[in-house]
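J.: My structure is in data-v9.csv, and what it holds is CSV, C-alpha atoms and all ligand atoms:
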```
chain,number,residue,atom,x,y,z
A,116,MET,CA,8.4,-10.3,-4.7
A,117,LEU,CA,7.0,-8.5,-7.8
A,118,ASN,CA,3.3,-8.2,-7.5
A,119,PHE,CA,1.1,-8.3,-10.7
A,120,THR,CA,-2.1,-9.3,-8.9
A,121,VAL,CA,-5.2,-7.1,-8.8
A,122,GLY,CA,-5.0,-6.5,-5.1
A,123,PRO,CA,-3.4,-5.9,-2.8
A,124,VAL,CA,-1.1,-4.3,-5.3
A,125,GLN,CA,2.4,-2.8,-5.1
A,126,GLU,CA,2.6,0.4,-3.0
A,127,SER,CA,5.0,3.3,-3.5
A,128,ASP,CA,7.7,4.1,-0.9
A,129,GLU,CA,5.8,7.2,0.1
A,130,ILE,CA,2.7,5.1,1.0
A,131,LEU,CA,4.8,2.4,2.8
A,132,GLY,CA,6.4,5.2,4.8
A,133,ILE,CA,3.1,6.5,6.1
A,134,GLY,CA,2.2,2.9,7.1
A,135,SER,CA,5.3,2.7,9.2
A,136,GLN,CA,4.4,5.6,11.4
A,137,GLN,CA,2.6,5.4,14.8
A,138,THR,CA,-1.2,5.4,14.3
A,139,PRO,CA,-2.4,8.9,15.5
A,140,TYR,CA,-5.5,9.6,17.6
A,141,PHE,CA,-8.5,10.4,15.4
A,142,ARG,CA,-11.3,12.0,17.4
A,143,ASN,CA,-9.8,15.4,16.8
A,144,GLN,CA,-9.8,18.4,14.4
A,145,SER,CA,-6.8,17.3,12.4
A,146,PHE,CA,-8.2,13.9,11.5
A,147,SER,CA,-11.6,15.4,10.7
A,148,LYS,CA,-9.9,17.8,8.3
A,149,ILE,CA,-8.2,14.9,6.6
A,150,MET,CA,-11.4,13.0,6.2
A,151,LEU,CA,-13.3,16.0,4.8
A,152,GLU,CA,-10.5,16.4,2.3
A,153,ASN,CA,-10.7,12.7,1.5
A,154,GLU,CA,-14.4,13.1,0.8
A,155,ALA,CA,-13.9,16.1,-1.5
A,156,MET,CA,-11.0,14.4,-3.4
A,157,MET,CA,-13.0,11.2,-3.9
A,158,LYS,CA,-15.9,13.3,-5.4
A,159,GLU,CA,-13.5,15.1,-7.7
A,160,LEU,CA,-11.8,11.9,-9.0
A,161,SER,CA,-15.1,10.0,-9.5
A,162,PHE,CA,-16.8,13.1,-11.2
A,163,ALA,CA,-19.6,12.9,-8.7
A,164,GLU,CA,-22.3,15.7,-8.6
A,165,GLU,CA,-21.9,18.6,-6.2
A,166,ASN,CA,-24.2,17.3,-3.5
A,167,ALA,CA,-22.8,13.8,-3.6
A,168,ARG,CA,-21.4,12.3,-0.3
A,169,VAL,CA,-18.8,9.8,0.5
A,170,VAL,CA,-18.6,7.0,3.1
A,171,PHE,CA,-15.3,5.4,4.1
A,172,LEU,CA,-16.1,2.0,5.6
A,173,THR,CA,-13.5,0.0,7.5
A,174,ALA,CA,-14.2,-3.2,5.5
A,175,SER,CA,-13.0,-4.9,2.4
A,176,GLY,CA,-14.8,-4.1,-0.9
A,177,THR,CA,-17.5,-6.7,-0.2
A,178,GLY,CA,-18.4,-4.8,2.9
A,179,ALA,CA,-19.3,-1.8,0.8
A,180,MET,CA,-21.2,-4.0,-1.7
A,181,GLU,CA,-23.2,-5.4,1.2
A,182,ALA,CA,-23.8,-2.0,2.8
A,183,ALA,CA,-25.1,-0.7,-0.6
A,184,VAL,CA,-27.6,-3.6,-1.0
A,185,MET,CA,-28.8,-3.3,2.7
A,186,ASN,CA,-29.1,0.5,2.7
A,187,CYS,CA,-30.5,1.1,-0.8
A,188,PHE,CA,-32.9,-1.7,-1.3
A,189,SER,CA,-35.8,-3.5,0.5
A,190,LYS,CA,-38.5,-6.1,-0.1
A,191,GLU,CA,-40.4,-3.4,-2.0
A,192,ASP,CA,-37.7,-3.2,-4.7
A,193,ASN,CA,-37.1,-5.4,-7.7
A,194,VAL,CA,-33.6,-5.2,-9.0
A,195,LEU,CA,-31.6,-6.5,-12.0
A,196,VAL,CA,-28.2,-8.0,-11.2
A,197,VAL,CA,-25.6,-8.6,-13.8
A,198,ASP,CA,-23.8,-11.9,-13.1
A,199,GLY,CA,-20.9,-12.5,-15.4
A,200,GLY,CA,-18.5,-14.0,-12.9
A,201,GLY,CA,-17.4,-14.2,-9.3
A,202,PHE,CA,-18.1,-10.7,-8.3
A,203,GLY,CA,-21.5,-10.4,-10.1
A,204,HIS,CA,-22.5,-13.6,-8.4
A,205,ARG,CA,-21.6,-12.0,-5.0
A,206,PHE,CA,-24.2,-9.3,-5.7
A,207,VAL,CA,-26.8,-12.0,-6.4
A,208,GLN,CA,-25.9,-13.7,-3.1
A,209,LEU,CA,-26.2,-10.4,-1.2
A,210,CYS,CA,-29.7,-9.9,-2.7
A,211,GLU,CA,-30.6,-13.4,-1.6
A,212,ILE,CA,-29.3,-12.9,1.9
A,213,HIS,CA,-31.1,-9.6,2.3
A,214,GLU,CA,-34.2,-10.7,0.6
A,215,VAL,CA,-34.2,-8.1,-2.1
A,216,PRO,CA,-36.4,-9.3,-5.0
A,217,HIS,CA,-34.1,-9.6,-8.0
A,218,THR,CA,-33.6,-11.0,-11.5
A,219,VAL,CA,-30.2,-12.3,-12.7
A,220,VAL,CA,-28.9,-11.2,-16.0
A,221,LYS,CA,-26.3,-13.9,-16.8
A,222,VAL,CA,-23.5,-12.9,-19.1
A,223,PRO,CA,-21.8,-15.9,-20.7
A,224,PHE,CA,-18.0,-16.1,-20.3
A,225,GLU,CA,-17.2,-15.4,-23.9
A,226,SER,CA,-19.6,-12.6,-24.5
A,227,ALA,CA,-19.9,-8.9,-23.7
A,228,LEU,CA,-23.0,-7.5,-22.1
A,229,THR,CA,-25.2,-6.4,-25.0
A,230,LYS,CA,-28.3,-4.3,-25.5
A,231,GLU,CA,-30.2,-7.5,-26.5
A,232,MET,CA,-29.5,-9.0,-23.1
A,233,LEU,CA,-31.2,-6.1,-21.3
A,234,GLU,CA,-34.0,-5.6,-23.8
A,235,PRO,CA,-36.4,-8.2,-22.3
A,236,TYR,CA,-36.4,-6.2,-19.0
A,237,ASN,CA,-37.3,-2.9,-20.6
A,238,GLY,CA,-40.5,-1.4,-19.0
A,239,CYS,CA,-41.0,-4.3,-16.6
A,240,GLY,CA,-41.3,-2.2,-13.4
A,241,TYR,CA,-37.8,-2.8,-12.0
A,242,THR,CA,-36.5,-0.3,-9.5
A,243,GLY,CA,-32.7,-0.9,-9.3
A,244,PHE,CA,-29.7,-2.2,-11.2
A,245,LEU,CA,-26.5,-3.7,-9.8
A,246,ILE,CA,-23.4,-4.2,-11.8
A,247,ASN,CA,-19.6,-4.7,-11.4
A,248,MET,CA,-18.2,-2.3,-14.0
A,249,HIS,CA,-15.2,-4.6,-14.4
A,250,GLU,CA,-15.8,-8.3,-13.6
A,251,THR,CA,-12.3,-8.7,-12.3
A,252,SER,CA,-12.6,-12.5,-11.9
A,253,ILE,CA,-12.4,-13.0,-15.6
A,254,GLY,CA,-11.2,-9.5,-16.8
A,255,LYS,CA,-14.4,-8.3,-18.5
A,256,LEU,CA,-15.2,-4.6,-18.7
A,257,TYR,CA,-18.9,-3.8,-19.2
A,258,ASP,CA,-20.2,-1.1,-21.5
A,259,MET,CA,-21.4,1.4,-18.9
A,260,LYS,CA,-22.9,3.8,-21.4
A,261,LEU,CA,-25.2,1.0,-22.4
A,262,VAL,CA,-26.1,0.3,-18.8
A,263,ALA,CA,-26.6,4.0,-18.0
A,264,ASP,CA,-28.9,4.5,-21.0
A,265,PHE,CA,-31.0,1.5,-19.9
A,266,CYS,CA,-31.2,2.7,-16.3
A,267,LYS,CA,-32.1,6.3,-17.3
A,268,LYS,CA,-34.9,5.0,-19.7
A,269,ASN,CA,-36.3,2.8,-16.9
A,270,SER,CA,-35.6,5.2,-14.0
A,271,LEU,CA,-33.5,2.6,-12.2
A,272,PHE,CA,-31.4,3.2,-9.1
A,273,LEU,CA,-27.9,2.3,-10.4
A,274,VAL,CA,-25.3,0.8,-8.1
A,275,VAL,CA,-21.8,0.4,-9.7
A,276,ASP,CA,-19.1,-1.7,-8.1
A,277,ALA,CA,-16.2,0.0,-9.7
A,278,ILE,CA,-13.8,-1.5,-7.2
A,279,SER,CA,-11.2,-2.5,-9.7
A,280,ALA,CA,-12.2,-0.1,-12.5
A,281,PHE,CA,-11.8,3.2,-10.6
A,282,LEU,CA,-8.7,4.9,-11.8
A,283,ALA,CA,-8.0,2.2,-14.3
A,284,ASP,CA,-10.9,2.8,-16.7
A,285,SER,CA,-12.8,6.0,-17.4
A,286,PHE,CA,-15.6,6.5,-14.9
A,287,ASN,CA,-17.7,9.6,-14.7
A,288,MET,CA,-20.4,9.1,-12.1
A,289,SER,CA,-22.6,12.1,-12.9
A,290,GLU,CA,-22.4,11.5,-16.7
A,291,LEU,CA,-23.5,7.9,-16.1
A,292,GLY,CA,-26.2,9.0,-13.6
A,293,ALA,CA,-24.9,6.4,-11.2
A,294,ASP,CA,-26.4,6.6,-7.7
A,295,VAL,CA,-23.8,4.6,-5.8
A,296,MET,CA,-20.2,4.0,-6.8
A,297,ILE,CA,-18.0,1.6,-4.8
A,298,THR,CA,-14.3,1.2,-4.7
A,299,GLY,CA,-11.7,-0.2,-2.4
A,300,SER,CA,-8.3,0.7,-1.0
A,301,GLN,CA,-6.3,-2.2,-2.3
A,302,LYS,CA,-6.9,-1.8,-6.1
A,303,ALA,CA,-5.8,1.1,-8.1
A,304,LEU,CA,-5.6,3.3,-5.1
A,305,ALA,CA,-2.6,1.2,-4.2
A,306,VAL,CA,-2.7,1.3,-0.4
A,307,PRO,CA,-3.3,-1.7,1.9
A,308,PRO,CA,-6.7,-3.5,2.1
A,309,GLY,CA,-9.1,-2.4,4.8
A,310,ILE,CA,-11.1,0.5,3.6
A,311,SER,CA,-13.9,0.5,1.1
A,312,ILE,CA,-15.5,3.6,-0.3
A,313,LEU,CA,-19.0,4.5,-1.3
A,314,VAL,CA,-19.8,7.6,-3.3
A,315,LEU,CA,-23.5,8.4,-3.0
A,316,SER,CA,-25.4,10.7,-5.4
A,317,GLU,CA,-27.9,13.2,-3.8
A,318,LYS,CA,-30.7,10.7,-4.7
A,319,ALA,CA,-28.8,7.9,-2.9
A,320,VAL,CA,-28.2,10.1,0.2
A,321,ASP,CA,-31.9,10.7,0.3
A,322,ARG,CA,-32.7,7.0,-0.1
A,323,VAL,CA,-30.2,5.9,2.5
A,324,THR,CA,-31.3,8.5,5.0
A,325,ASN,CA,-34.9,7.4,4.8
A,326,HIS,CA,-34.2,3.7,4.8
A,327,LYS,CA,-34.5,1.5,7.9
A,328,VAL,CA,-31.5,-0.7,8.0
A,329,LYS,CA,-31.2,-3.7,10.4
A,330,SER,CA,-27.5,-3.2,11.1
A,331,MET,CA,-25.4,-1.1,13.4
A,332,TYR,CA,-22.1,-1.3,11.6
A,333,PHE,CA,-23.5,-1.0,8.1
A,334,ASN,CA,-25.8,1.9,8.8
A,335,LEU,CA,-24.9,4.4,6.1
A,336,ALA,CA,-27.2,7.1,7.4
A,337,ASP,CA,-25.2,7.0,10.6
A,338,ALA,CA,-22.0,7.1,8.7
A,339,LEU,CA,-23.2,10.1,6.6
A,340,LYS,CA,-24.2,12.0,9.8
A,341,ASN,CA,-20.8,11.4,11.4
A,342,GLY,CA,-19.1,12.3,8.1
A,343,GLU,CA,-20.6,15.8,8.1
A,344,ARG,CA,-17.9,16.6,10.7
A,345,GLY,CA,-15.3,14.4,9.2
A,346,GLN,CA,-15.7,11.5,11.6
A,347,THR,CA,-16.8,7.9,11.5
A,348,PRO,CA,-19.2,6.1,13.9
A,349,PHE,CA,-16.6,3.6,14.9
A,350,THR,CA,-12.8,3.4,15.0
A,351,PRO,CA,-11.7,3.4,11.4
A,352,ALA,CA,-8.5,2.0,9.8
A,353,VAL,CA,-6.8,5.3,10.6
A,354,SER,CA,-3.4,4.6,9.0
A,355,ILE,CA,-5.0,3.4,5.8
A,356,LEU,CA,-7.1,6.6,5.6
A,357,LEU,CA,-3.9,8.6,6.0
A,358,GLN,CA,-2.4,6.6,3.1
A,359,ILE,CA,-5.5,7.2,1.1
A,360,HIS,CA,-5.2,10.9,1.8
A,361,ALA,CA,-1.7,11.0,0.4
A,362,ARG,CA,-2.6,9.0,-2.6
A,363,LEU,CA,-5.7,11.1,-3.4
A,364,LYS,CA,-3.7,14.3,-3.1
A,365,GLN,CA,-1.2,12.9,-5.7
A,366,LEU,CA,-4.0,11.8,-8.0
A,367,CYS,CA,-5.9,15.2,-7.8
A,368,GLU,CA,-2.7,16.9,-8.8
A,369,TYR,CA,-1.9,14.4,-11.5
A,370,GLY,CA,-5.6,13.9,-12.7
A,371,ALA,CA,-7.7,10.8,-12.9
A,372,GLU,CA,-7.3,10.7,-16.7
A,373,ALA,CA,-3.5,10.8,-16.5
A,374,GLU,CA,-3.5,7.8,-14.1
A,375,ILE,CA,-5.9,5.9,-16.3
A,376,LYS,CA,-3.6,6.6,-19.3
A,377,ARG,CA,-0.5,5.4,-17.4
A,378,ILE,CA,-2.2,2.2,-16.5
A,379,ALA,CA,-3.6,1.8,-20.0
A,380,GLU,CA,0.0,2.2,-21.4
A,381,LEU,CA,1.3,-0.5,-19.1
A,382,ALA,CA,-1.5,-2.9,-20.1
A,383,GLU,CA,-0.8,-2.2,-23.8
A,384,TYR,CA,2.9,-2.7,-23.4
A,385,PHE,CA,2.5,-6.0,-21.7
A,386,ARG,CA,-0.1,-7.2,-24.2
A,387,SER,CA,2.3,-6.3,-27.1
A,388,GLN,CA,5.1,-8.3,-25.5
A,389,ILE,CA,3.3,-11.6,-25.3
A,390,THR,CA,2.0,-12.1,-28.8
A,391,ASP,CA,4.5,-14.9,-29.5
A,392,LEU,CA,3.5,-16.9,-26.4
A,393,PRO,CA,0.9,-19.7,-26.5
A,394,LEU,CA,-1.6,-17.6,-24.7
A,395,LYS,CA,-4.9,-16.1,-25.7
A,396,ILE,CA,-6.3,-12.9,-24.3
A,397,ALA,CA,-9.6,-14.2,-23.1
A,398,SER,CA,-12.1,-11.3,-23.0
A,399,PRO,CA,-14.5,-9.6,-25.4
A,400,SER,CA,-14.0,-6.3,-23.6
A,401,LEU,CA,-10.8,-5.6,-21.7
A,402,SER,CA,-10.3,-3.4,-18.7
A,403,ASN,CA,-6.9,-1.6,-18.4
A,404,ALA,CA,-6.7,-3.1,-14.9
A,405,VAL,CA,-6.0,-6.7,-15.9
A,406,THR,CA,-5.1,-9.0,-18.8
A,407,PRO,CA,-6.9,-12.4,-18.5
A,408,LEU,CA,-4.9,-15.1,-20.2
A,409,MET,CA,-6.1,-18.5,-21.4
A,410,VAL,CA,-3.5,-21.2,-21.6
A,411,ASP,CA,-3.7,-24.2,-23.9
A,412,GLU,CA,-3.8,-27.8,-22.6
A,413,GLU,CA,-0.1,-28.5,-22.4
A,414,ILE,CA,0.5,-26.5,-19.3
A,415,SER,CA,-1.9,-25.6,-16.5
A,416,ALA,CA,-2.6,-22.0,-15.7
A,417,TYR,CA,-2.3,-22.8,-12.0
A,418,GLU,CA,1.1,-24.4,-12.6
A,419,ILE,CA,2.3,-21.1,-14.3
A,420,PHE,CA,1.1,-19.2,-11.2
A,421,GLU,CA,3.0,-21.6,-8.9
A,422,THR,CA,6.2,-21.6,-11.0
A,423,LEU,CA,6.2,-17.8,-11.2
A,424,GLU,CA,5.8,-17.6,-7.4
A,425,ARG,CA,8.3,-20.3,-6.5
A,426,ASP,CA,11.1,-19.8,-9.1
A,427,TYR,CA,10.8,-16.2,-10.1
A,428,GLY,CA,9.4,-14.3,-7.1
A,429,ILE,CA,6.5,-13.0,-9.1
A,430,TRP,CA,2.8,-13.0,-8.2
A,431,VAL,CA,0.1,-13.1,-10.8
A,432,CYS,CA,-3.6,-13.9,-10.1
A,433,PRO,CA,-4.7,-17.6,-10.4
A,434,SER,CA,-8.3,-18.5,-11.0
A,435,GLY,CA,-10.6,-20.7,-9.0
A,436,GLY,CA,-13.2,-23.4,-9.9
A,437,GLU,CA,-13.5,-24.6,-13.5
A,438,LEU,CA,-11.1,-22.0,-14.7
A,439,LYS,CA,-8.2,-23.0,-12.4
A,440,ASP,CA,-6.1,-24.8,-15.1
A,441,LYS,CA,-7.2,-22.5,-17.9
A,442,LEU,CA,-7.0,-18.9,-16.9
A,443,PHE,CA,-4.6,-16.7,-15.0
A,444,ARG,CA,-4.6,-12.9,-14.8
A,445,VAL,CA,-1.9,-10.2,-15.0
A,446,GLY,CA,-2.7,-6.9,-13.3
A,447,HIS,CA,-1.6,-3.5,-14.3
A,448,ILE,CA,-2.6,-1.4,-11.3
A,449,GLY,CA,-0.3,-0.4,-8.5
A,450,CYS,CA,3.2,0.9,-8.5
A,451,LEU,CA,4.5,-0.9,-11.6
A,452,GLU,CA,6.8,0.1,-14.5
A,453,LYS,CA,7.6,-1.3,-17.9
A,454,ARG,CA,10.8,-2.9,-16.8
A,455,ASP,CA,8.8,-4.9,-14.2
A,456,TYR,CA,6.8,-6.3,-17.2
A,457,ASP,CA,10.1,-7.2,-19.0
A,458,LYS,CA,10.9,-9.4,-16.0
A,459,LEU,CA,7.5,-11.1,-16.1
A,460,VAL,CA,7.6,-11.6,-19.9
A,461,ASP,CA,11.2,-13.1,-19.6
A,462,ALA,CA,10.0,-15.5,-16.9
A,463,MET,CA,6.9,-16.5,-18.9
A,464,LYS,CA,9.1,-17.1,-22.0
A,465,GLN,CA,11.4,-19.4,-19.9
A,466,ILE,CA,8.5,-21.3,-18.5
A,467,PHE,CA,7.1,-22.0,-21.9
A,468,SER,CA,10.4,-22.9,-23.5
A,469,ASN,CA,11.0,-25.4,-20.7
A,470,LYS,CA,7.8,-27.3,-21.6
A,501,LIG,C1,-11.6,-6.8,-5.5
A,501,LIG,C2,-13.0,-6.6,-5.9
A,501,LIG,C3,-14.1,-6.7,-4.9
A,501,LIG,C4,-13.8,-6.7,-3.5
A,501,LIG,O1,-13.3,-7.8,-2.9
A,501,LIG,P1,-12.8,-7.7,-1.4
A,501,LIG,O2,-12.0,-9.0,-1.3
A,501,LIG,O3,-14.0,-7.8,-0.6
A,501,LIG,O4,-12.1,-6.5,-1.2
A,501,LIG,C5,-15.4,-6.5,-5.3
A,501,LIG,N1,-15.7,-6.4,-6.6
A,501,LIG,C6,-14.7,-6.3,-7.6
A,501,LIG,C7,-15.2,-6.1,-9.0
A,501,LIG,C8,-13.4,-6.5,-7.3
A,501,LIG,O5,-12.5,-6.4,-8.2
```
Give the structure from this file in structure tokens form.

T.:
Amino acid sequence: MLNFTVGPVQESDEILGIGSQQTPYFRNQSFSKIMLENEAMMKELSFAEENARVVFLTASGTGAMEAAVMNCFSKEDNVLVVDGGGFGHRFVQLCEIHEVPHTVVKVPFESALTKEMLEPYNGCGYTGFLINMHETSIGKLYDMKLVADFCKKNSLFLVVDAISAFLADSFNMSELGADVMITGSQKALAVPPGISILVLSEKAVDRVTNHKVKSMYFNLADALKNGERGQTPFTPAVSILLQIHARLKQLCEYGAEAEIKRIAELAEYFRSQITDLPLKIASPSLSNAVTPLMVDEEISAYEIFETLERDYGIWVCPSGGELKDKLFRVGHIGCLEKRDYDKLVDAMKQIFSNK
């Protein structure tokens, strides 16, 4: 199968090789060393400040989103949550579950997040801001400079779910003044799912350390304490952490910007090849990670997904709910090359000419 989804994505042979080895014991010096290096490399690649810390959670990305909400906010807070799709809505649900007072900033499907949308909340005593830098469910990248300026002006604690944006779109944690950055193993890191990563600013480390969280597994203060010696409170997904180590080493040599450029070029190449097809790129602000495609009435987007899977051995991302027949997404993260897109475009051309 050729995989153009947004996660899990295609892995390189080197990463697959590491996954095929026996899982080593981990309560020892050599694993601690790997974890301390993982922390340093994550800080480098996310441009985190010197005193930032990193937590590797054995959980999918949502686990890190939940940990961030539980450990950073309480009933005393009042946060703004940007809800522009499935993942934004998840933050809203997490605030509901954990009883964090919040206001939802709804972003309509067809529009970008604008200054005007945030303006009404200026100077209203909010304490935090939650956003998915790239709303992957519909392929919309938010203007993080706009968000950062708003947060600085209002002294808001900024949590950024950059799960699908990290290494696909430029992200500079210290420049943005973000307090928590979240990513996951199965997106542009291109290793199997199972680990989510939180990078915490010095301010976030303080907040988390002084926060009483009602959870054993999602206690970030405990994770940070164990992390000081390169360990985790509970058994982590050891093999995935070794794969992450190999991948981060590659990326630190290669540079985050070079990886972003590589992904951007693939996205651009694919977009330039489909201009003759009856598809519309459906986003006011695209991420390099994915191209969201609107299909006209004659053929259902879900049918395209199924045909590609069944007849061509190709995976793209279908949509759920109201968008099921209208929207599918083609990813550009993972171990992919131009010639892979040639195969996808040929298959798409055949599907449309058979209609
Ligand atoms: C993939 C993704 C997640 C995490 O989803 P999980 O299935 O829990 O790993 C969260 N937010 C965004 C923006 C994502 O793209």

J.: Env of segment 234-242 of chain A: 6 Å cut, atoms = all atoms listed in the file, seq-sep filter 6 positions within chain, self excluded. Answer as a list in words.

T.: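 Near segment 234-242 of chain A, the qualifying residues are Asp192, Asn193, Val194 and Leu271 of chain A.
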
J.: Could you list, as a PyMOL selection string, all the residues within 9 Å of ligand LIG 501 (chain A), counting only C-alpha atoms and all ligand atoms?

T.: chain A and resi 121-123+174-180+201-203+205+246-252+276-280+297-302+308-311

J.: Name the residues in contact with Arg344 of chain A at a cut-off of 10 Å, using only C-alpha atoms, excluding same-chain residues fewer than 6 positions from it; report them as a CSV table (one decimal) with C-alpha atoms, in the coordinates of the input.

T.:
```csv
chain,number,residue,atom,x,y,z
A,144,GLN,CA,-9.8,18.4,14.4
A,147,SER,CA,-11.6,15.4,10.7
A,148,LYS,CA,-9.9,17.8,8.3
A,150,MET,CA,-11.4,13.0,6.2
A,151,LEU,CA,-13.3,16.0,4.8
```

J.: In terms of the shortest atom-to-atom distance over only C-alpha atoms, which of A:Glu164, A:Glu152, A:Glu317, A:Glu214 is closest to Glu290 of chain A?

T.: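 Of A:Glu164, A:Glu152, A:Glu317, A:Glu214, the one nearest Glu290 of chain A, counting only C-alpha atoms, is A:Glu164.
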
J.: Between A:Phe467, A:Phe188, A:Phe286, A:Tyr140, single out the one closest to Glu159 of chain A, counting only C-alpha atoms.

T.: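 Among A:Phe467, A:Phe188, A:Phe286, A:Tyr140, it is A:Phe286 that comes nearest to Glu159 of chain A.
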
J.: The residues within 7 Å of (-18.6, 9.3, 0.3), using all atoms listed in the file and the coordinates of the file, should be reported as a ChimeraX atom specification; which are they?

T.: /A:154,168-171,312-315
